[in-house]
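Peer 1: The structure's right below; bear with me while I get my questions together.
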Amino acid sequence: MTITEKILARHAGKSHVRAGDNIWIEVDVLMTHDVCGPPTIGIFRKQFGRNAKVWDPKKVVIIPDHYIFTSDTHAQRNIQVLREFAKEQHLPHFYDPGTETYKGVCHVSLAEEGFNLPGTVLFGTDSHTCTSGAFGMFGTGIGNTDAAFVMGTGKLWVKVPETMKFVIEGELPNYLMAKDIILKIISDIGVDGATYKSMDFDGEGVFSLSMEERMTLCNMVIEAGGKNGVIQADDKTEAFVRSRTDRSYEIYQNDADAAYASIHIYQASKLEPMVAKPFLPSNGVPAHTLSHVKVNQCYIGSCTGGKITDFIAAAQILHGQEVQVTTVIVPATVEVNAKFDQEKVDGKTLRDIFTEAGAVIGDPSCAACLGGPQDTFGRLNHDEICISTTNRNFPGRMGSKNSQTYLASPYTVAASALTGTITDPREYLNTSSSSE
Amino acid sequence: MENMIQGRAYVLGNDVDTDQIIPAEHLVYNMDDPKERRLYGIYALSGVPEDEAGLPSGKVPFVPKNSESAPYKIVIAGKNFGCGSSREHAPAALHIAGVHVVIANSYARIFYRNAVDGGFLIPYESQDNLSAEIRTGDQVTIRPDINILKNDSTGKSYALKPLGEVADIVRTGGLFLFAKQNNLMPK
């Protein structure tokens, strides 16, 4: 069996499952946020009764992150709905905006708070719940009806997915990031290339990555239609988990005779910095082929590209330089934001590097990654052309239908900020590496 | 499930994502408040680029100005319909706007599941390239009992793929009704 098959079998109380089986599984964690939480709660109350209790308060994790810093009254009301539900149900894991418990982007917060545990099953009312697969666990996005069902029963039916294997051979060159790898894979298999399937990442190139970078890989499997992404847990995974929690976990490995739907092998040394053109994440081409494209906004943030490693990468390029176009920086979480004052590149803090370069730093949240209410920080309200570390470039994704979004790594976005056109980061990394 | 579904078709292309079906700024309305719920219908498919809205001509608003629902009961689309976010607001918005059936070449997994488990829509798959065969505004008839779509405007018929393993959930009207009928709910 594959890792995904083993985790699902275990949670179904079975010794063996096969791809295609429909099974009922026990859920370890249900995560929801301010956009899908209120309607989920509405369905939960309607179906289980106004006074119903969630199946296990410790396992329902509510992380408001989407529409936080907005004057939109509906959005504010929705956070209040979560607040009252968390109080009524005595939920210990509610991260309340405007208080010390507030975290920020849910997928990054789950890792920080020690909810990402090898071998466990996580459902979230957000398609990027697949991010957590970086920890050798099963994580996938579901809708409000399914989430309400889990809330009341702790169970859900799933179809066991086939697994596609992606092997990255060799260590990554210094100019390459996980974002480049996943954009390359999606450009090869298409936006529906992994529909209903699990994407397993393997090889030296993957295991040389930090946990944050592994999260970027798994984060975007949904952009190929994937059900979940998974990376076998190793020493780095265990060290990360142990630094965050003492909860228990179990590590699963792919059997030598595990069945794969397909196997795709890449040589890391042959990959290039990639950019996905509007309006599909599968429109990836090498960054250097787009050097004629002018941009008027650069955006670094989100669950995909707003983790601390993403900002350290951006800072390596922006250090001592000045941006030529509006450059928006949104740390995913409060913790990432705090690290802006601790992490340094060449003796200077990230916050100083970004501020001196002329970038503007926003409050931790999903912000303009998905457009959101009109007053959202960094939102594309007109016909902007933006290069972004986020995950989607569908029409109107970051705001106006007249705007355009190019997707790239933090290196490539930072390099493009310095020139005002799409720029291969090797132009900057080669020169700065000689001064280190 | 109805024995026969008749209505006008609204035709879209490939890879229509959930931001096009219901743009993110509208995800704030309360589904349980009748007044706010109507807004999901009003803004359904408002994110589709003008040229792709209502094929083959484009520039056909799904919900006419000053109207609260769409004059289309059936949505026809290409491959990978509903890709992107997990927002259940997407199939719900189509349902609230008056859509009963979507027919696409293929679906993104979460949209498909939400359409079925929420009991919002019947998501049929077709092997034919119906986006090229049917024009926005055509009157069509669906016969769920024999999995056939007929374009009444041209008289041509097309096979729909059987709903398969989700047919029982579709028939009962969603996951909760299915679970209650099959004693899968806790007391």
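Identifiers in the structure tokens: chain A, B, ... in order shown; residue index from 1 per chain; ligand index from 1 in order shown.
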Taking only C-alpha atoms into account, find every residue of chain A that has an atom no more than 8 Å from chain B, and write it out as a VMD selection string.
Peer 2: chain A and resid 35 to 36 38 to 39 42 47 74 to 75 78 125 to 128 141 to 146 149 153 191 to 192 195 to 196 222 to 223 225 227 370 to 374 392 394 to 397 401
Peer 1: I want to know what sits within 6 Å of range 146-163 of chain B, based on only C-alpha atoms, with residues of the same chain fewer than 5 positions away left out; could you give that as a compact mmCIF listing (two decimals) with all heavy atoms, in the first residue's frame?
Peer 2:
```txt
# COMPACT_ATOMS: atom_id res chain seq x y z
N GLU B 125 -21.99 13.90 -16.15
CA GLU B 125 -20.84 13.99 -17.05
C GLU B 125 -21.27 13.54 -18.44
O GLU B 125 -22.12 12.67 -18.58
CB GLU B 125 -19.68 13.12 -16.55
CG GLU B 125 -19.03 13.69 -15.33
CD GLU B 125 -17.80 12.91 -14.89
OE1 GLU B 125 -17.65 11.73 -15.27
OE2 GLU B 125 -16.99 13.49 -14.17
N SER B 126 -20.66 14.14 -19.43
CA SER B 126 -20.95 13.79 -20.81
C SER B 126 -19.64 13.58 -21.55
O SER B 126 -18.65 14.25 -21.27
CB SER B 126 -21.73 14.92 -21.48
OG SER B 126 -21.63 14.80 -22.88
N ASP B 138 -30.87 27.54 -25.63
CA ASP B 138 -31.55 26.36 -26.19
C ASP B 138 -32.42 25.70 -25.12
O ASP B 138 -32.01 25.59 -23.95
CB ASP B 138 -30.53 25.31 -26.69
CG ASP B 138 -29.94 25.67 -28.05
OD1 ASP B 138 -30.35 26.72 -28.62
OD2 ASP B 138 -29.06 24.93 -28.53
N GLN B 139 -33.58 25.22 -25.54
CA GLN B 139 -34.45 24.45 -24.64
C GLN B 139 -33.98 23.00 -24.66
O GLN B 139 -33.84 22.41 -25.74
CB GLN B 139 -35.90 24.57 -25.12
CG GLN B 139 -36.92 23.78 -24.35
CD GLN B 139 -37.34 24.47 -23.05
OE1 GLN B 139 -37.14 25.67 -22.89
NE2 GLN B 139 -37.88 23.69 -22.13
N VAL B 140 -33.70 22.41 -23.50
CA VAL B 140 -33.23 21.02 -23.47
C VAL B 140 -34.08 20.20 -22.50
O VAL B 140 -34.70 20.75 -21.58
CB VAL B 140 -31.73 20.91 -23.08
CG1 VAL B 140 -30.86 21.68 -24.05
CG2 VAL B 140 -31.49 21.37 -21.66
N THR B 141 -34.09 18.89 -22.71
CA THR B 141 -34.82 17.97 -21.84
C THR B 141 -33.87 16.89 -21.35
O THR B 141 -33.15 16.29 -22.15
CB THR B 141 -35.99 17.31 -22.59
OG1 THR B 141 -36.85 18.34 -23.08
CG2 THR B 141 -36.78 16.38 -21.68
```
Peer 1: So that I can check the surroundings of Phe48 in chain A, please list as a PDB file with N, CA and C atoms, in the first residue's frame every protein, DNA and RNA residue that reaches within 12 Å of it, counting only C-alpha atoms and ignoring chain neighbours fewer than 2 positions away.
Peer 2:
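Result file is out-v5.pdb:
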```pdb
ATOM      1  N   THR A  40     -21.072  26.177   7.870  1.00  0.00           N
ATOM      2  CA  THR A  40     -20.934  24.816   8.412  1.00  0.00           C
ATOM      3  C   THR A  40     -21.691  24.704   9.737  1.00  0.00           C
ATOM      4  N   ILE A  41     -21.539  25.712  10.566  1.00  0.00           N
ATOM      5  CA  ILE A  41     -22.234  25.727  11.860  1.00  0.00           C
ATOM      6  C   ILE A  41     -23.750  25.747  11.631  1.00  0.00           C
ATOM      7  N   GLY A  42     -24.171  26.519  10.618  1.00  0.00           N
ATOM      8  CA  GLY A  42     -25.600  26.580  10.283  1.00  0.00           C
ATOM      9  C   GLY A  42     -26.144  25.202   9.931  1.00  0.00           C
ATOM     10  N   ILE A  43     -25.418  24.462   9.116  1.00  0.00           N
ATOM     11  CA  ILE A  43     -25.859  23.108   8.714  1.00  0.00           C
ATOM     12  C   ILE A  43     -25.807  22.157   9.912  1.00  0.00           C
ATOM     13  N   PHE A  44     -24.748  22.277  10.706  1.00  0.00           N
ATOM     14  CA  PHE A  44     -24.597  21.423  11.902  1.00  0.00           C
ATOM     15  C   PHE A  44     -25.808  21.566  12.827  1.00  0.00           C
ATOM     16  N   ARG A  45     -26.213  22.821  13.065  1.00  0.00           N
ATOM     17  CA  ARG A  45     -27.349  23.067  13.988  1.00  0.00           C
ATOM     18  C   ARG A  45     -28.665  22.569  13.397  1.00  0.00           C
ATOM     19  N   LYS A  46     -28.792  22.781  12.087  1.00  0.00           N
ATOM     20  CA  LYS A  46     -30.029  22.363  11.425  1.00  0.00           C
ATOM     21  C   LYS A  46     -30.166  20.829  11.467  1.00  0.00           C
ATOM     22  N   ARG A  50     -30.377  22.406  17.617  1.00  0.00           N
ATOM     23  CA  ARG A  50     -29.834  23.689  18.088  1.00  0.00           C
ATOM     24  C   ARG A  50     -28.910  23.503  19.290  1.00  0.00           C
ATOM     25  N   ASN A  51     -29.146  22.476  20.083  1.00  0.00           N
ATOM     26  CA  ASN A  51     -28.316  22.280  21.279  1.00  0.00           C
ATOM     27  C   ASN A  51     -27.294  21.151  21.117  1.00  0.00           C
ATOM     28  N   ALA A  52     -27.084  20.732  19.878  1.00  0.00           N
ATOM     29  CA  ALA A  52     -26.145  19.620  19.642  1.00  0.00           C
ATOM     30  C   ALA A  52     -24.727  20.016  20.022  1.00  0.00           C
ATOM     31  N   LYS A  53     -23.943  19.034  20.405  1.00  0.00           N
ATOM     32  CA  LYS A  53     -22.539  19.253  20.751  1.00  0.00           C
ATOM     33  C   LYS A  53     -21.647  18.647  19.671  1.00  0.00           C
ATOM     34  N   VAL A  54     -20.528  19.299  19.414  1.00  0.00           N
ATOM     35  CA  VAL A  54     -19.587  18.732  18.434  1.00  0.00           C
ATOM     36  C   VAL A  54     -19.042  17.408  18.977  1.00  0.00           C
ATOM     37  N   TRP A  55     -18.566  16.532  18.057  1.00  0.00           N
ATOM     38  CA  TRP A  55     -18.220  15.177  18.499  1.00  0.00           C
ATOM     39  C   TRP A  55     -17.052  15.154  19.461  1.00  0.00           C
ATOM     40  N   ALA A 148     -20.000  19.757   8.354  1.00  0.00           N
ATOM     41  CA  ALA A 148     -21.040  19.688   9.392  1.00  0.00           C
ATOM     42  C   ALA A 148     -21.253  18.242   9.813  1.00  0.00           C
ATOM     43  N   PHE A 149     -21.175  17.340   8.857  1.00  0.00           N
ATOM     44  CA  PHE A 149     -21.326  15.913   9.157  1.00  0.00           C
ATOM     45  C   PHE A 149     -20.199  15.443  10.089  1.00  0.00           C
ATOM     46  N   VAL A 150     -18.967  15.858   9.750  1.00  0.00           N
ATOM     47  CA  VAL A 150     -17.822  15.501  10.600  1.00  0.00           C
ATOM     48  C   VAL A 150     -17.991  16.105  11.996  1.00  0.00           C
ATOM     49  N   MET A 151     -18.436  17.358  12.054  1.00  0.00           N
ATOM     50  CA  MET A 151     -18.626  18.048  13.336  1.00  0.00           C
ATOM     51  C   MET A 151     -19.523  17.246  14.273  1.00  0.00           C
ATOM     52  N   GLY A 152     -20.547  16.637  13.691  1.00  0.00           N
ATOM     53  CA  GLY A 152     -21.499  15.904  14.523  1.00  0.00           C
ATOM     54  C   GLY A 152     -21.132  14.455  14.763  1.00  0.00           C
ATOM     55  N   THR A 153     -20.357  13.864  13.856  1.00  0.00           N
ATOM     56  CA  THR A 153     -20.129  12.412  13.945  1.00  0.00           C
ATOM     57  C   THR A 153     -18.659  12.005  14.087  1.00  0.00           C
TER      58      THR A 153
ATOM     59  N   PHE B 176     -26.931  14.165   4.302  1.00  0.00           N
ATOM     60  CA  PHE B 176     -27.640  13.988   5.571  1.00  0.00           C
ATOM     61  C   PHE B 176     -28.891  13.118   5.404  1.00  0.00           C
ATOM     62  N   LYS B 180     -29.361   9.537   7.146  1.00  0.00           N
ATOM     63  CA  LYS B 180     -30.508   9.251   8.019  1.00  0.00           C
ATOM     64  C   LYS B 180     -31.256   8.008   7.533  1.00  0.00           C
ATOM     65  N   MET B 185     -26.403   8.059  11.065  1.00  0.00           N
ATOM     66  CA  MET B 185     -26.313   9.194  11.987  1.00  0.00           C
ATOM     67  C   MET B 185     -26.322   8.697  13.423  1.00  0.00           C
ATOM     68  N   PRO B 186     -25.524   9.337  14.285  1.00  0.00           N
ATOM     69  CA  PRO B 186     -25.578   8.973  15.701  1.00  0.00           C
ATOM     70  C   PRO B 186     -26.900   9.451  16.298  1.00  0.00           C
ATOM     71  N   LYS B 187     -27.318   8.847  17.400  1.00  0.00           N
ATOM     72  CA  LYS B 187     -28.576   9.235  18.040  1.00  0.00           C
ATOM     73  C   LYS B 187     -28.467  10.624  18.611  1.00  0.00           C
TER      74      LYS B 187
END
```
Peer 1: When DSSP works through the backbone of this structure, what residues of range 25-182 of chain B end up as helix (DSSP H, G or I), shown as a ChimeraX atom specification?
Peer 2: /B:25-26,34-42,50-52,89-97,109-117,130-133,164-172,175-181
Peer 1: List the neighbours of range 329-335 of chain A out to 8 Å using only C-alpha atoms; skip same-chain residues closer than 6 positions along the sequence, and give me the result as a list in words.
Peer 2: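 In the requested form, the answer reads Tyr102, Lys103, Gly104, Val105, Val108, Ser109, Tyr299, Ile300, Gly301, Ser302, Cys303, Gly306, Lys307, Ile308, Ala359, Val360, Ile361, Gly362, Asp363, Pro364, Ser365, Cys366 and Ala367 of chain A.
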Peer 1: Find the residue from A:Val241, A:Leu217, A:Leu176, A:Val158 that sits nearest to Phe115 in chain A; use only C-alpha atoms when measuring.
Peer 2: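 Ranked by minimum distance to Phe115 in chain A, first place goes to A:Val241.
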Peer 1: Tell me, as a ChimeraX atom specification, which residues lie within 9 Å of Phe94 in chain A, counting only C-alpha atoms; anything in the same chain fewer than 4 positions away does not count.
Peer 2: /A:60-64,82-83,86,101-102
Peer 1: Excluding same-chain residues fewer than 5 positions from Leu172 in chain A, what lies within 7 Å of it counting only C-alpha atoms, as a list of chain:residue names?
Peer 2: A:Gly205, A:Ala268, A:Ser269
Peer 1: Output all heavy atoms for every residue in the selection just made, as an mmCIF file, in the first residue's frame.
Peer 2:
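Result file selection.cif:
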```cif
data_model
loop_
_atom_site.group_PDB
_atom_site.id
_atom_site.type_symbol
_atom_site.label_atom_id
_atom_site.label_comp_id
_atom_site.auth_asym_id
_atom_site.auth_seq_id
_atom_site.Cartn_x
_atom_site.Cartn_y
_atom_site.Cartn_z
ATOM 1 N N GLY A 205 15.703 15.667 -3.920
ATOM 2 C CA GLY A 205 15.299 17.070 -4.061
ATOM 3 C C GLY A 205 14.192 17.448 -3.093
ATOM 4 O O GLY A 205 14.126 18.586 -2.626
ATOM 5 N N ALA A 268 16.551 17.720 -10.656
ATOM 6 C CA ALA A 268 16.490 19.073 -10.075
ATOM 7 C C ALA A 268 17.386 20.042 -10.840
ATOM 8 O O ALA A 268 17.017 21.195 -11.076
ATOM 9 C CB ALA A 268 16.887 19.017 -8.606
ATOM 10 N N SER A 269 18.560 19.582 -11.248
ATOM 11 C CA SER A 269 19.521 20.487 -11.883
ATOM 12 C C SER A 269 19.017 21.024 -13.221
ATOM 13 O O SER A 269 19.498 22.038 -13.707
ATOM 14 C CB SER A 269 20.850 19.759 -12.093
ATOM 15 O OG SER A 269 20.635 18.638 -12.945
#
```
Peer 1: Write out as a PyMOL selection string each polymer residue whose atoms come within 8 Å of Leu407 in chain A, counting only C-alpha atoms; drop sequence neighbours fewer than 5 positions from it.
Peer 2: chain A and resi 275-277+281+387-393
Peer 1: Range 14-109 of chain B: which residues are strand (DSSP E or B) by DSSP, as an MDAnalysis selection string?
Peer 2: chainID B and resid 17 74:76 81 83 101:104 107
Peer 1: Out of B:Val75, B:Leu55, B:Leu12, B:Val166, which residue has the shortest atom-to-atom distance to Val99 in chain B when counting only C-alpha atoms?
Peer 2: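 Smallest distance to Val99 in chain B is found for B:Val75.
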Peer 1: Between A:Gly229, A:Gly358, A:Gly136, A:Pro173, which residue has the minimum interatomic distance to Pro273 in chain A, considering only C-alpha atoms?
Peer 2: A:Pro173
